[in-house]
Structures are given as C-alpha cells and as structure tokens.
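Next comes protein.cif, a file with mmCIF, C-alpha atoms.
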```cif
data_entry
#
loop_
_atom_site.group_PDB
_atom_site.id
_atom_site.type_symbol
_atom_site.label_atom_id
_atom_site.label_comp_id
_atom_site.auth_asym_id
_atom_site.auth_seq_id
_atom_site.Cartn_x
_atom_site.Cartn_y
_atom_site.Cartn_z
ATOM 1 C CA MET A 156 -64.524 -40.557 -89.158
ATOM 2 C CA ARG A 157 -64.901 -44.134 -90.362
ATOM 3 C CA VAL A 158 -68.491 -45.372 -90.657
ATOM 4 C CA ALA A 159 -69.956 -48.854 -91.096
ATOM 5 C CA ILE A 160 -73.226 -48.776 -93.037
ATOM 6 C CA THR A 161 -75.652 -51.652 -92.613
ATOM 7 C CA GLY A 162 -77.856 -51.966 -95.657
ATOM 8 C CA GLY A 163 -75.027 -50.199 -97.457
ATOM 9 C CA THR A 164 -76.086 -51.478 -100.890
ATOM 10 C CA GLY A 165 -79.688 -50.341 -100.421
ATOM 11 C CA PHE A 166 -81.235 -47.048 -101.491
ATOM 12 C CA VAL A 167 -80.313 -44.789 -98.564
ATOM 13 C CA GLY A 168 -77.169 -46.668 -97.553
ATOM 14 C CA ARG A 169 -75.750 -46.467 -101.066
ATOM 15 C CA HIS A 170 -76.242 -42.696 -101.245
ATOM 16 C CA LEU A 171 -74.704 -42.231 -97.802
ATOM 17 C CA ALA A 172 -71.670 -44.276 -98.835
ATOM 18 C CA GLU A 173 -71.264 -42.151 -101.962
ATOM 19 C CA ARG A 174 -71.351 -38.981 -99.866
ATOM 20 C CA LEU A 175 -68.793 -40.190 -97.322
ATOM 21 C CA GLY A 176 -66.465 -41.829 -99.850
ATOM 22 C CA ALA A 177 -64.975 -45.308 -100.056
ATOM 23 C CA GLU A 178 -62.067 -44.592 -97.713
ATOM 24 C CA GLN A 179 -64.403 -43.609 -94.877
ATOM 25 C CA THR A 180 -66.990 -46.358 -95.175
ATOM 26 C CA VAL A 181 -67.434 -50.074 -94.619
ATOM 27 C CA ILE A 182 -70.391 -51.488 -96.548
ATOM 28 C CA VAL A 183 -72.277 -54.177 -94.627
ATOM 29 C CA SER A 184 -74.978 -56.166 -96.424
ATOM 30 C CA ARG A 185 -75.910 -59.619 -97.648
ATOM 31 C CA ARG A 186 -74.207 -58.708 -100.922
ATOM 32 C CA THR A 187 -70.917 -58.247 -99.069
ATOM 33 C CA GLY A 188 -71.398 -61.588 -97.313
ATOM 34 C CA VAL A 189 -72.631 -60.351 -93.936
ATOM 35 C CA GLU A 190 -76.033 -61.373 -92.567
ATOM 36 C CA ILE A 191 -77.658 -58.693 -90.422
ATOM 37 C CA ASP A 192 -78.076 -61.020 -87.417
ATOM 38 C CA ASP A 193 -74.520 -62.476 -87.492
ATOM 39 C CA VAL A 194 -72.851 -60.812 -84.504
ATOM 40 C CA ASP A 195 -69.369 -62.184 -85.201
ATOM 41 C CA ALA A 196 -69.369 -61.036 -88.830
ATOM 42 C CA LEU A 197 -70.790 -57.651 -87.867
ATOM 43 C CA ALA A 198 -68.188 -57.137 -85.150
ATOM 44 C CA ALA A 199 -65.405 -57.927 -87.629
ATOM 45 C CA ALA A 200 -66.877 -55.455 -90.121
ATOM 46 C CA PHE A 201 -67.245 -52.742 -87.460
ATOM 47 C CA ALA A 202 -63.621 -53.023 -86.287
ATOM 48 C CA GLY A 203 -61.886 -49.659 -86.536
ATOM 49 C CA CYS A 204 -65.111 -47.742 -87.133
ATOM 50 C CA ASP A 205 -66.175 -44.703 -85.139
ATOM 51 C CA ALA A 206 -69.901 -45.039 -85.818
ATOM 52 C CA VAL A 207 -72.519 -47.273 -87.405
ATOM 53 C CA ALA A 208 -75.249 -46.007 -89.727
ATOM 54 C CA HIS A 209 -77.912 -48.680 -89.282
ATOM 55 C CA CYS A 210 -79.877 -48.375 -92.527
ATOM 56 C CA ALA A 211 -80.759 -52.052 -93.016
ATOM 57 C CA GLY A 212 -84.458 -52.772 -93.379
ATOM 58 C CA ILE A 213 -87.096 -54.467 -95.517
ATOM 59 C CA ASN A 214 -90.639 -53.486 -96.477
ATOM 60 C CA ARG A 215 -91.890 -57.016 -97.146
ATOM 61 C CA GLU A 216 -91.006 -60.498 -95.929
ATOM 62 C CA ILE A 217 -89.535 -63.141 -98.239
ATOM 63 C CA GLY A 218 -88.593 -66.545 -96.842
ATOM 64 C CA GLY A 219 -86.195 -66.171 -93.927
ATOM 65 C CA GLN A 220 -85.949 -62.413 -94.405
ATOM 66 C CA THR A 221 -88.672 -61.547 -91.916
ATOM 67 C CA PHE A 222 -89.374 -58.251 -90.164
ATOM 68 C CA GLU A 223 -88.544 -59.885 -86.837
ATOM 69 C CA ARG A 224 -85.198 -61.168 -88.089
ATOM 70 C CA VAL A 225 -84.051 -58.085 -89.997
ATOM 71 C CA HIS A 226 -85.418 -55.286 -87.819
ATOM 72 C CA VAL A 227 -85.355 -56.760 -84.312
ATOM 73 C CA ALA A 228 -82.770 -59.552 -84.274
ATOM 74 C CA GLY A 229 -80.668 -57.531 -86.700
ATOM 75 C CA THR A 230 -80.659 -54.440 -84.496
ATOM 76 C CA ARG A 231 -79.899 -56.542 -81.424
ATOM 77 C CA ALA A 232 -76.910 -58.021 -83.285
ATOM 78 C CA VAL A 233 -75.748 -54.596 -84.483
ATOM 79 C CA ILE A 234 -75.764 -53.299 -80.898
ATOM 80 C CA GLU A 235 -73.802 -56.273 -79.561
ATOM 81 C CA ALA A 236 -71.329 -56.108 -82.445
ATOM 82 C CA ALA A 237 -70.810 -52.384 -81.843
ATOM 83 C CA ARG A 238 -70.013 -53.085 -78.196
ATOM 84 C CA ARG A 239 -67.481 -55.781 -79.142
ATOM 85 C CA ALA A 240 -65.846 -53.541 -81.762
ATOM 86 C CA GLY A 241 -65.702 -50.511 -79.477
ATOM 87 C CA VAL A 242 -68.026 -48.424 -81.642
ATOM 88 C CA LYS A 243 -69.482 -45.605 -79.566
ATOM 89 C CA ARG A 244 -72.335 -44.255 -81.716
ATOM 90 C CA ILE A 245 -75.174 -45.841 -83.698
ATOM 91 C CA VAL A 246 -77.480 -43.847 -85.938
ATOM 92 C CA MET A 247 -80.603 -45.788 -86.888
ATOM 93 C CA LEU A 248 -82.850 -44.957 -89.815
ATOM 94 C CA SER A 249 -86.404 -45.757 -88.754
ATOM 95 C CA PHE A 250 -89.856 -44.836 -90.047
ATOM 96 C CA LEU A 251 -91.828 -41.710 -89.146
ATOM 97 C CA ARG A 252 -94.827 -43.598 -87.750
ATOM 98 C CA ALA A 253 -93.144 -46.723 -86.360
ATOM 99 C CA ARG A 254 -95.021 -47.605 -83.175
ATOM 100 C CA PRO A 255 -96.260 -50.577 -81.123
ATOM 101 C CA ASP A 256 -99.623 -52.328 -81.246
ATOM 102 C CA CYS A 257 -100.830 -50.920 -84.554
ATOM 103 C CA GLY A 258 -101.436 -54.128 -86.503
ATOM 104 C CA SER A 259 -98.550 -53.680 -88.941
ATOM 105 C CA ALA A 260 -95.541 -55.951 -88.367
ATOM 106 C CA TYR A 261 -93.318 -53.479 -90.223
ATOM 107 C CA HIS A 262 -94.222 -50.565 -87.936
ATOM 108 C CA GLU A 263 -94.109 -52.690 -84.781
ATOM 109 C CA THR A 264 -90.699 -54.249 -85.480
ATOM 110 C CA LYS A 265 -89.201 -50.896 -86.427
ATOM 111 C CA TRP A 266 -90.434 -49.578 -83.075
ATOM 112 C CA ALA A 267 -89.014 -52.591 -81.235
ATOM 113 C CA ALA A 268 -85.660 -51.898 -82.895
ATOM 114 C CA GLU A 269 -85.811 -48.272 -81.756
ATOM 115 C CA GLU A 270 -86.467 -49.412 -78.199
ATOM 116 C CA LEU A 271 -83.482 -51.783 -78.269
ATOM 117 C CA LEU A 272 -81.253 -48.888 -79.217
ATOM 118 C CA ARG A 273 -82.722 -46.590 -76.568
ATOM 119 C CA HIS A 274 -81.872 -49.147 -73.877
ATOM 120 C CA SER A 275 -78.473 -50.127 -75.285
ATOM 121 C CA GLY A 276 -76.324 -47.791 -73.202
ATOM 122 C CA LEU A 277 -74.576 -46.589 -76.386
ATOM 123 C CA GLU A 278 -74.690 -43.120 -77.863
ATOM 124 C CA TYR A 279 -77.448 -43.132 -80.458
ATOM 125 C CA THR A 280 -79.738 -41.146 -82.692
ATOM 126 C CA VAL A 281 -83.008 -42.511 -84.060
ATOM 127 C CA LEU A 282 -84.087 -40.783 -87.262
ATOM 128 C CA LYS A 283 -87.824 -41.297 -87.771
ATOM 129 C CA ALA A 284 -87.901 -40.493 -91.476
ATOM 130 C CA GLY A 285 -90.844 -39.981 -93.777
ATOM 131 C CA MET A 286 -91.043 -40.790 -97.486
ATOM 132 C CA ILE A 287 -87.537 -40.559 -98.981
ATOM 133 C CA TYR A 288 -87.154 -40.231 -102.746
ATOM 134 C CA GLY A 289 -84.361 -39.968 -105.290
ATOM 135 C CA PRO A 290 -82.524 -42.030 -107.930
ATOM 136 C CA GLY A 291 -83.093 -45.710 -107.153
ATOM 137 C CA ASP A 292 -86.027 -45.201 -104.771
ATOM 138 C CA HIS A 293 -89.374 -47.007 -104.712
ATOM 139 C CA MET A 294 -91.660 -43.972 -104.617
ATOM 140 C CA VAL A 295 -90.877 -42.116 -107.856
ATOM 141 C CA ASP A 296 -89.729 -45.326 -109.539
ATOM 142 C CA HIS A 297 -92.951 -47.271 -108.983
ATOM 143 C CA VAL A 298 -95.367 -44.410 -109.600
ATOM 144 C CA THR A 299 -93.582 -43.607 -112.869
ATOM 145 C CA LYS A 300 -93.599 -47.199 -114.077
ATOM 146 C CA ALA A 301 -97.260 -47.563 -113.085
ATOM 147 C CA VAL A 302 -98.434 -44.499 -115.022
ATOM 148 C CA ARG A 303 -96.340 -45.579 -118.018
ATOM 149 C CA THR A 304 -97.910 -49.048 -117.921
ATOM 150 C CA LEU A 305 -101.593 -48.335 -117.230
ATOM 151 C CA PRO A 306 -103.991 -45.579 -118.331
ATOM 152 C CA VAL A 307 -105.588 -45.391 -114.856
ATOM 153 C CA PHE A 308 -104.166 -44.876 -111.369
ATOM 154 C CA ALA A 309 -105.951 -45.684 -108.107
ATOM 155 C CA THR A 310 -105.647 -43.278 -105.179
ATOM 156 C CA VAL A 311 -105.969 -44.470 -101.589
ATOM 157 C CA GLY A 312 -109.350 -43.904 -99.951
ATOM 158 C CA TYR A 313 -111.829 -41.079 -100.353
ATOM 159 C CA ARG A 314 -110.020 -38.593 -98.111
ATOM 160 C CA GLU A 315 -106.748 -37.057 -99.249
ATOM 161 C CA ARG A 316 -103.721 -38.078 -97.186
ATOM 162 C CA LEU A 317 -100.770 -35.751 -96.708
ATOM 163 C CA VAL A 318 -97.096 -36.451 -97.383
ATOM 164 C CA ARG A 319 -93.854 -34.530 -96.869
ATOM 165 C CA PRO A 320 -91.384 -36.127 -99.304
ATOM 166 C CA VAL A 321 -87.727 -36.049 -98.244
ATOM 167 C CA PRO A 322 -85.124 -35.812 -101.034
ATOM 168 C CA ILE A 323 -82.280 -38.276 -100.617
ATOM 169 C CA GLU A 324 -79.778 -35.411 -100.509
ATOM 170 C CA ASP A 325 -81.472 -34.003 -97.412
ATOM 171 C CA ALA A 326 -81.798 -37.440 -95.806
ATOM 172 C CA VAL A 327 -78.049 -37.974 -96.234
ATOM 173 C CA ASP A 328 -77.324 -34.510 -94.802
ATOM 174 C CA VAL A 329 -79.264 -35.479 -91.679
ATOM 175 C CA LEU A 330 -77.538 -38.863 -91.416
ATOM 176 C CA VAL A 331 -74.112 -37.225 -91.601
ATOM 177 C CA ALA A 332 -75.069 -34.652 -88.956
ATOM 178 C CA ALA A 333 -76.250 -37.455 -86.646
ATOM 179 C CA LEU A 334 -73.112 -39.531 -87.236
ATOM 180 C CA GLU A 335 -70.990 -36.513 -86.348
ATOM 181 C CA GLY A 336 -72.987 -35.938 -83.148
ATOM 182 C CA ARG A 337 -74.487 -32.634 -84.301
ATOM 183 C CA ILE A 338 -78.120 -33.574 -83.563
ATOM 184 C CA ALA A 339 -78.938 -32.989 -79.929
ATOM 185 C CA GLU A 340 -82.187 -34.945 -79.588
ATOM 186 C CA PRO A 341 -81.828 -38.741 -79.347
ATOM 187 C CA THR A 342 -84.982 -39.264 -81.458
ATOM 188 C CA VAL A 343 -86.058 -36.843 -84.178
ATOM 189 C CA ALA A 344 -88.648 -36.704 -86.940
ATOM 190 C CA VAL A 345 -87.253 -36.167 -90.447
ATOM 191 C CA MET A 346 -89.823 -34.697 -92.843
ATOM 192 C CA GLY A 347 -89.594 -32.820 -96.119
ATOM 193 C CA ALA A 348 -89.930 -29.083 -96.590
ATOM 194 C CA GLU A 349 -93.145 -29.280 -98.628
ATOM 195 C CA THR A 350 -96.498 -30.659 -97.470
ATOM 196 C CA LEU A 351 -98.813 -31.835 -100.224
ATOM 197 C CA THR A 352 -101.549 -34.358 -100.744
ATOM 198 C CA LEU A 353 -100.589 -37.823 -101.891
ATOM 199 C CA GLY A 354 -102.706 -37.254 -105.004
ATOM 200 C CA GLU A 355 -100.790 -34.110 -105.908
ATOM 201 C CA ALA A 356 -97.472 -35.883 -105.376
ATOM 202 C CA VAL A 357 -98.548 -38.652 -107.761
ATOM 203 C CA ARG A 358 -99.882 -36.155 -110.328
ATOM 204 C CA ARG A 359 -96.628 -34.227 -110.192
ATOM 205 C CA ILE A 360 -94.651 -37.394 -110.904
ATOM 206 C CA ALA A 361 -97.030 -38.316 -113.749
ATOM 207 C CA ARG A 362 -96.624 -34.882 -115.354
ATOM 208 C CA VAL A 363 -92.836 -35.156 -115.275
ATOM 209 C CA ALA A 364 -93.140 -38.647 -116.790
ATOM 210 C CA ASP A 365 -95.318 -37.076 -119.534
ATOM 211 C CA ARG A 366 -98.394 -39.136 -118.658
ATOM 212 C CA ARG A 367 -101.977 -38.126 -117.918
ATOM 213 C CA PRO A 368 -103.669 -41.172 -116.369
ATOM 214 C CA VAL A 369 -107.242 -41.131 -115.121
ATOM 215 C CA PHE A 370 -107.181 -41.010 -111.318
ATOM 216 C CA PHE A 371 -109.941 -42.591 -109.244
ATOM 217 C CA PRO A 372 -110.278 -43.224 -105.490
ATOM 218 C CA VAL A 373 -110.630 -46.746 -104.139
ATOM 219 C CA PRO A 374 -111.245 -48.006 -100.594
ATOM 220 C CA VAL A 375 -108.245 -48.742 -98.405
ATOM 221 C CA TRP A 376 -109.063 -52.465 -98.262
ATOM 222 C CA SER A 377 -108.605 -52.749 -102.026
ATOM 223 C CA ILE A 378 -105.126 -51.194 -101.820
ATOM 224 C CA ARG A 379 -104.258 -53.737 -99.139
ATOM 225 C CA ALA A 380 -105.526 -56.515 -101.402
ATOM 226 C CA LEU A 381 -103.446 -55.111 -104.273
ATOM 227 C CA ALA A 382 -100.432 -55.031 -101.946
ATOM 228 C CA GLN A 383 -100.839 -58.706 -101.103
ATOM 229 C CA LEU A 384 -101.203 -59.570 -104.784
ATOM 230 C CA THR A 385 -98.114 -57.619 -105.854
ATOM 231 C CA GLU A 386 -96.056 -59.052 -102.982
ATOM 232 C CA TRP A 387 -96.884 -62.496 -104.363
ATOM 233 C CA THR A 388 -96.285 -61.658 -108.012
ATOM 234 C CA MET A 389 -93.626 -58.918 -108.281
ATOM 235 C CA ARG A 390 -89.918 -58.937 -107.499
ATOM 236 C CA THR A 391 -90.316 -55.481 -105.992
ATOM 237 C CA PRO A 392 -94.029 -54.950 -105.243
ATOM 238 C CA LEU A 393 -95.908 -52.058 -106.812
ATOM 239 C CA VAL A 394 -97.039 -51.475 -103.231
ATOM 240 C CA ALA A 395 -96.163 -53.624 -100.200
ATOM 241 C CA LYS A 396 -98.595 -54.250 -97.344
ATOM 242 C CA ALA A 397 -96.527 -52.041 -95.038
ATOM 243 C CA GLN A 398 -96.627 -49.277 -97.644
ATOM 244 C CA ALA A 399 -100.389 -49.654 -97.986
ATOM 245 C CA THR A 400 -100.672 -48.892 -94.274
ATOM 246 C CA MET A 401 -98.398 -45.883 -94.689
ATOM 247 C CA LEU A 402 -100.441 -44.515 -97.567
ATOM 248 C CA ALA A 403 -103.731 -45.090 -95.733
ATOM 249 C CA GLU A 404 -102.467 -43.016 -92.775
ATOM 250 C CA GLY A 405 -100.516 -40.323 -94.571
ATOM 251 C CA VAL A 406 -96.813 -39.636 -94.042
ATOM 252 C CA ASN A 407 -96.683 -36.085 -92.745
ATOM 253 C CA GLU A 408 -96.340 -36.293 -88.967
ATOM 254 C CA PRO A 409 -94.655 -38.634 -86.481
ATOM 255 C CA LEU A 410 -96.542 -41.088 -84.325
ATOM 256 C CA PRO A 411 -95.831 -41.251 -81.445
ATOM 257 C CA TYR A 412 -94.627 -37.680 -81.109
ATOM 258 C CA ALA A 413 -90.992 -36.981 -81.847
ATOM 259 C CA PRO A 414 -89.503 -33.489 -82.104
ATOM 260 C CA GLU A 415 -88.677 -32.150 -85.527
ATOM 261 C CA LEU A 416 -85.100 -31.229 -86.320
ATOM 262 C CA PRO A 417 -83.910 -27.701 -85.547
ATOM 263 C CA GLU A 418 -84.728 -25.408 -88.450
ATOM 264 C CA ALA A 419 -81.114 -25.178 -89.654
ATOM 265 C CA GLN A 420 -80.906 -28.996 -89.930
ATOM 266 C CA ARG A 421 -84.311 -29.716 -91.466
ATOM 267 C CA PRO A 422 -84.709 -30.893 -95.059
ATOM 268 C CA ALA A 423 -85.097 -27.757 -97.144
ATOM 269 C CA ARG A 424 -85.346 -28.921 -100.764
ATOM 270 C CA PRO A 425 -88.923 -28.950 -102.166
ATOM 271 C CA PHE A 426 -90.485 -31.698 -104.263
ATOM 272 C CA THR A 427 -89.648 -30.085 -107.591
ATOM 273 C CA GLU A 428 -89.981 -31.360 -111.134
ATOM 274 C CA ALA A 429 -86.188 -31.243 -111.527
ATOM 275 C CA ARG A 430 -85.665 -33.567 -108.554
ATOM 276 C CA ILE A 431 -88.446 -35.867 -109.724
ATOM 277 C CA ARG A 432 -86.894 -35.997 -113.197
ATOM 278 C CA ALA A 433 -83.523 -36.964 -111.727
ATOM 279 C CA ALA A 434 -85.189 -39.979 -110.075
ATOM 280 C CA LEU A 435 -87.205 -41.197 -113.074
ATOM 281 C CA PRO A 436 -86.560 -44.816 -114.089
ATOM 282 C CA ALA A 437 -86.344 -46.032 -117.654
ATOM 283 C CA GLY A 438 -89.507 -47.476 -119.145
ATOM 284 C CA PRO A 439 -92.692 -49.040 -117.716
ATOM 285 C CA PHE A 440 -93.202 -52.258 -115.773
ATOM 286 C CA THR A 441 -92.369 -55.354 -117.831
ATOM 287 C CA ARG A 442 -92.517 -59.126 -117.410
ATOM 288 C CA ALA A 443 -89.006 -58.891 -115.961
ATOM 289 C CA ASP A 444 -90.568 -57.251 -112.875
ATOM 290 C CA LEU A 445 -92.684 -60.350 -112.195
ATOM 291 C CA ARG A 446 -91.749 -63.268 -109.954
ATOM 292 C CA LEU A 447 -92.138 -65.867 -112.689
ATOM 293 C CA PRO A 448 -90.876 -69.450 -112.687
ATOM 294 C CA ILE A 449 -87.347 -69.589 -114.068
ATOM 295 C CA ALA A 450 -88.467 -71.210 -117.319
ATOM 296 C CA CYS A 451 -90.932 -68.394 -117.994
ATOM 297 C CA ARG A 452 -88.737 -65.434 -117.172
ATOM 298 C CA VAL A 453 -87.772 -63.038 -119.900
ATOM 299 C CA PRO A 454 -84.079 -63.598 -120.643
ATOM 300 C CA ARG A 455 -81.771 -60.712 -119.910
ATOM 301 C CA ALA A 456 -78.724 -59.716 -121.913
ATOM 302 C CA ALA A 457 -75.487 -61.251 -120.686
ATOM 303 C CA PRO A 458 -73.278 -58.754 -118.825
ATOM 304 C CA VAL A 459 -70.291 -57.442 -120.725
ATOM 305 C CA SER A 460 -68.240 -57.190 -117.558
ATOM 306 C CA ALA A 461 -68.177 -58.711 -114.103
ATOM 307 C CA PRO A 462 -71.593 -58.592 -112.381
ATOM 308 C CA PRO A 463 -72.112 -55.923 -109.689
ATOM 309 C CA VAL A 464 -71.251 -56.833 -106.119
#
```
Would you encode the structure as structure tokens?
Amino acid sequence: MRVAITGGTGFVGRHLAERLGAEQTVIVSRRTGVEIDDVDALAAAFAGCDAVAHCAGINREIGGQTFERVHVAGTRAVIEAARRAGVKRIVMLSFLRARPDCGSAYHETKWAAEELLRHSGLEYTVLKAGMIYGPGDHMVDHVTKAVRTLPVFATVGYRERLVRPVPIEDAVDVLVAALEGRIAEPTVAVMGAETLTLGEAVRRIARVADRRPVFFPVPVWSIRALAQLTEWTMRTPLVAKAQATMLAEGVNEPLPYAPELPEAQRPARPFTEARIRAALPAGPFTRADLRLPIACRVPRAAPVSAPPV
C-alpha cells in the first residue's frame, strides 16, 4: 500500500511516515513544495497512491495560512486531487470536539472539513482524535519548557477538566488500521486509555522534568488572553487560542457524539513517566522561541551539513 501523507513533516504525519517507511509513503507539505490548496500539485503527488492520510492542519493563523485555507480549502483540494489521481480512500485526522457554531474558528473549520469528506463520495474515515503526545509534540514539550522556565504554573479555571492523552504510537496504529480499511465506522473518536485531570497530567510531566512549580487556578478568560499574547510573541505559542478553548472544555469525550473504536483497536498505552520522558525536550524556553525582529534574534550556530528539508 502506497500512502500520500499531507502534513507529512508535521508531528503526526512524520511519525506515520516513519512507521510506513520511505518506500511506501509520499510526503506532502509546504516543505516539499506543495501548498495544501494546490489541486494540480496534490494530484501529481497522489499519483500511484492507494490512500491519502490527511494530517495537515494548523492550530493558529499566520498570514495567509488561515484555518479556512488550510482546513477547508485544503480538504476540498485534497478530495479533488484524490479523484483526479484515482485514490480511493482518504483518512482524515480531525479533532475530538470539532463542531459547528461554537465560536472557535479552529473547531468550526475542522468540522467543515469533516463534512466535505462525508459528502465526497470517496471511501473515508474521520478520526476525531484527542490530545496526542510524543517526541516532537506541543503538549509535553510546552509544559516541560514552561515549568523549567517559571516557578509557577497556571491551571485553567476553578473546575478540573479531564483529558485522555493519546500516545503517538497508538495514534499511528489507528491511522494505519484506517488506511488499511480495518475500521468499520466512517467517523470514530480516538481517546487514550487513561482518564485524568488536566492538573494531574501537568503535574506528572513536571515531576518527570524534575520540577515542582507552584500551581494556581486562573479564570478561563485569562488563559485566552495569554493565548493571544503568545500567538503574537512566540514562534510556537505556549498556548494557542484554539488550545485555550480545548483546555477550557476538557479533552475526554467527543462532541458531537462519535462512537469510540472497538476495544481491540483502541489506544491502550497509559500516560506513563517512561513515555513522558521519551517526549521531553531539551532545556527551557529561550529568546530563540520568541518572534523577534531579525536584528534582535539570538544567532544560531551554522549547520554543519545541509539544512533539513
């Protein structure tokens, strides 16, 4: 089976490509010169593929990379390109609580993309996934850097929210099963094996990172304000506005309802210290994480070999 992976240089797409192997995959991303809404370029990339893993997505908007363009126009282009290339199956990675009319452009455009796929006439699976973690993620990475940088850590709201973290290994297992046509339901919820409060998840990460910050609750509006500030000032925000909405709601059940995977196909690996340790980044946040003017940026060491693609 030959698979084209949109967003193939991103967190989930990269791990999927590693699992399938170079001979079975075609990586599709801006880094490989293909824009997500370029039907002609997508169709050329999809040629000879049996399926598309549509993993492309963003959690904040920068310039022309808007939610509407990447999630909606991009999915529309992926569907048309798949038709032209004769690809029969598309597996789309969506978000657990993507839905219409909720006030979050991220959630609403992810839902609109799901609906495009449902009405495409192609074979498809929509994976409504919860919080995925692993080496190169945003969850463990950002919490670790935050607790290494600051002696305090704010928790969202005064009522504990629940999460069911999904290890990247399990997420890739589910993607492969869907690509191979082994998931019967067209839309399924993908949630981790362990349910815990968001506070406990953060404390577990902090312990593995050998930090003991002071935790204190803050109102949801202040997390949204922090999200806006870090979107303006950080290359990868400490928390994006879409993520602030996720954290305020909890990430432990789908909305609207979607069936969970059959027991044999569900993520089974718990949120253990060993898996957290494998995902830990090096060091705290630094000035290099800030969106500074070019003249003010901290210089980085020159590469000793060709830069990564």
Inset, instruction - Write out as a ChimeraX atom specification which residues come within 9 Å of A:Pro306 when counting only C-alpha atoms, dropping same-chain ones fewer than 4 positions away. - result: /A:301-302,366-370
Inset, instruction - Specify as a ChimeraX atom specification each residue included when the PyMOL selection byres ((chain A and resi 337) around 12) is applied to this file. - result: /A:246,279-280,328-336,338-341,416-417,419-420
Legend entry - Output check: residues returned by the PyMOL selection byres ((chain A and resi 386-401) around 9), as an MDAnalysis selection string: chainID A and resid 214:216 252 259:262 293 297:298 301 311 375 378:385 402:406 443:447
Just write the chosen residues, C-alpha atoms, as an mmCIF file, in the coordinates of the input.
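Output file again27.cif is given in full below:
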```cif
data_model
loop_
_atom_site.group_PDB
_atom_site.id
_atom_site.type_symbol
_atom_site.label_atom_id
_atom_site.label_comp_id
_atom_site.auth_asym_id
_atom_site.auth_seq_id
_atom_site.Cartn_x
_atom_site.Cartn_y
_atom_site.Cartn_z
ATOM 1 C CA ASN A 214 -90.639 -53.486 -96.477
ATOM 2 C CA ARG A 215 -91.890 -57.016 -97.146
ATOM 3 C CA GLU A 216 -91.006 -60.498 -95.929
ATOM 4 C CA ARG A 252 -94.827 -43.598 -87.750
ATOM 5 C CA SER A 259 -98.550 -53.680 -88.941
ATOM 6 C CA ALA A 260 -95.541 -55.951 -88.367
ATOM 7 C CA TYR A 261 -93.318 -53.479 -90.223
ATOM 8 C CA HIS A 262 -94.222 -50.565 -87.936
ATOM 9 C CA HIS A 293 -89.374 -47.007 -104.712
ATOM 10 C CA HIS A 297 -92.951 -47.271 -108.983
ATOM 11 C CA VAL A 298 -95.367 -44.410 -109.600
ATOM 12 C CA ALA A 301 -97.260 -47.563 -113.085
ATOM 13 C CA VAL A 311 -105.969 -44.470 -101.589
ATOM 14 C CA VAL A 375 -108.245 -48.742 -98.405
ATOM 15 C CA ILE A 378 -105.126 -51.194 -101.820
ATOM 16 C CA ARG A 379 -104.258 -53.737 -99.139
ATOM 17 C CA ALA A 380 -105.526 -56.515 -101.402
ATOM 18 C CA LEU A 381 -103.446 -55.111 -104.273
ATOM 19 C CA ALA A 382 -100.432 -55.031 -101.946
ATOM 20 C CA GLN A 383 -100.839 -58.706 -101.103
ATOM 21 C CA LEU A 384 -101.203 -59.570 -104.784
ATOM 22 C CA THR A 385 -98.114 -57.619 -105.854
ATOM 23 C CA LEU A 402 -100.441 -44.515 -97.567
ATOM 24 C CA ALA A 403 -103.731 -45.090 -95.733
ATOM 25 C CA GLU A 404 -102.467 -43.016 -92.775
ATOM 26 C CA GLY A 405 -100.516 -40.323 -94.571
ATOM 27 C CA VAL A 406 -96.813 -39.636 -94.042
ATOM 28 C CA ALA A 443 -89.006 -58.891 -115.961
ATOM 29 C CA ASP A 444 -90.568 -57.251 -112.875
ATOM 30 C CA LEU A 445 -92.684 -60.350 -112.195
ATOM 31 C CA ARG A 446 -91.749 -63.268 -109.954
ATOM 32 C CA LEU A 447 -92.138 -65.867 -112.689
#
```
Legend entry - Nearby residues (only C-alpha atoms) at most 8 Å from A:Ile160, same-chain spacing under 5 positions excluded, as a VMD selection string: chain A and resid 168 172 180 to 183 207 to 210
Can I get the selected residues back with C-alpha atoms, as a tab-separated table (two decimals), in the coordinates of the input?
```
chain	number	residue	atom	x	y	z
A	168	GLY	CA	-77.17	-46.67	-97.55
A	172	ALA	CA	-71.67	-44.28	-98.84
A	180	THR	CA	-66.99	-46.36	-95.18
A	181	VAL	CA	-67.43	-50.07	-94.62
A	182	ILE	CA	-70.39	-51.49	-96.55
A	183	VAL	CA	-72.28	-54.18	-94.63
A	207	VAL	CA	-72.52	-47.27	-87.40
A	208	ALA	CA	-75.25	-46.01	-89.73
A	209	HIS	CA	-77.91	-48.68	-89.28
A	210	CYS	CA	-79.88	-48.38	-92.53
```
Legend entry - Interatomic distance (Å, one decimal) between atom CA of A:Ile287 and atom CA of A:Glu173: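 For atom CA of A:Ile287 relative to atom CA of A:Glu173, the distance reads 16.6 Å.
With only C-alpha atoms as the atoms that count, the minimum distance from A:Ala198 to the choices A:Leu410, A:Ala267, A:Ile360, A:Ala240 is reached by A:Ala240.
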Inset, instruction - State, in Å with one decimal place, the distance from atom CA of A:Ile217 to atom CA of A:Met247. - result: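 Going from atom CA of A:Ile217 over to atom CA of A:Met247 covers 22.6 Å.
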Inset, instruction - Translate the PyMOL selection byres ((chain A and resi 242) around 12), as applied to the file shown, into an explicit residue set as number ranges by chain. - result: A: 156-159, 197-208, 233-241, 243-246, 276-279, 334
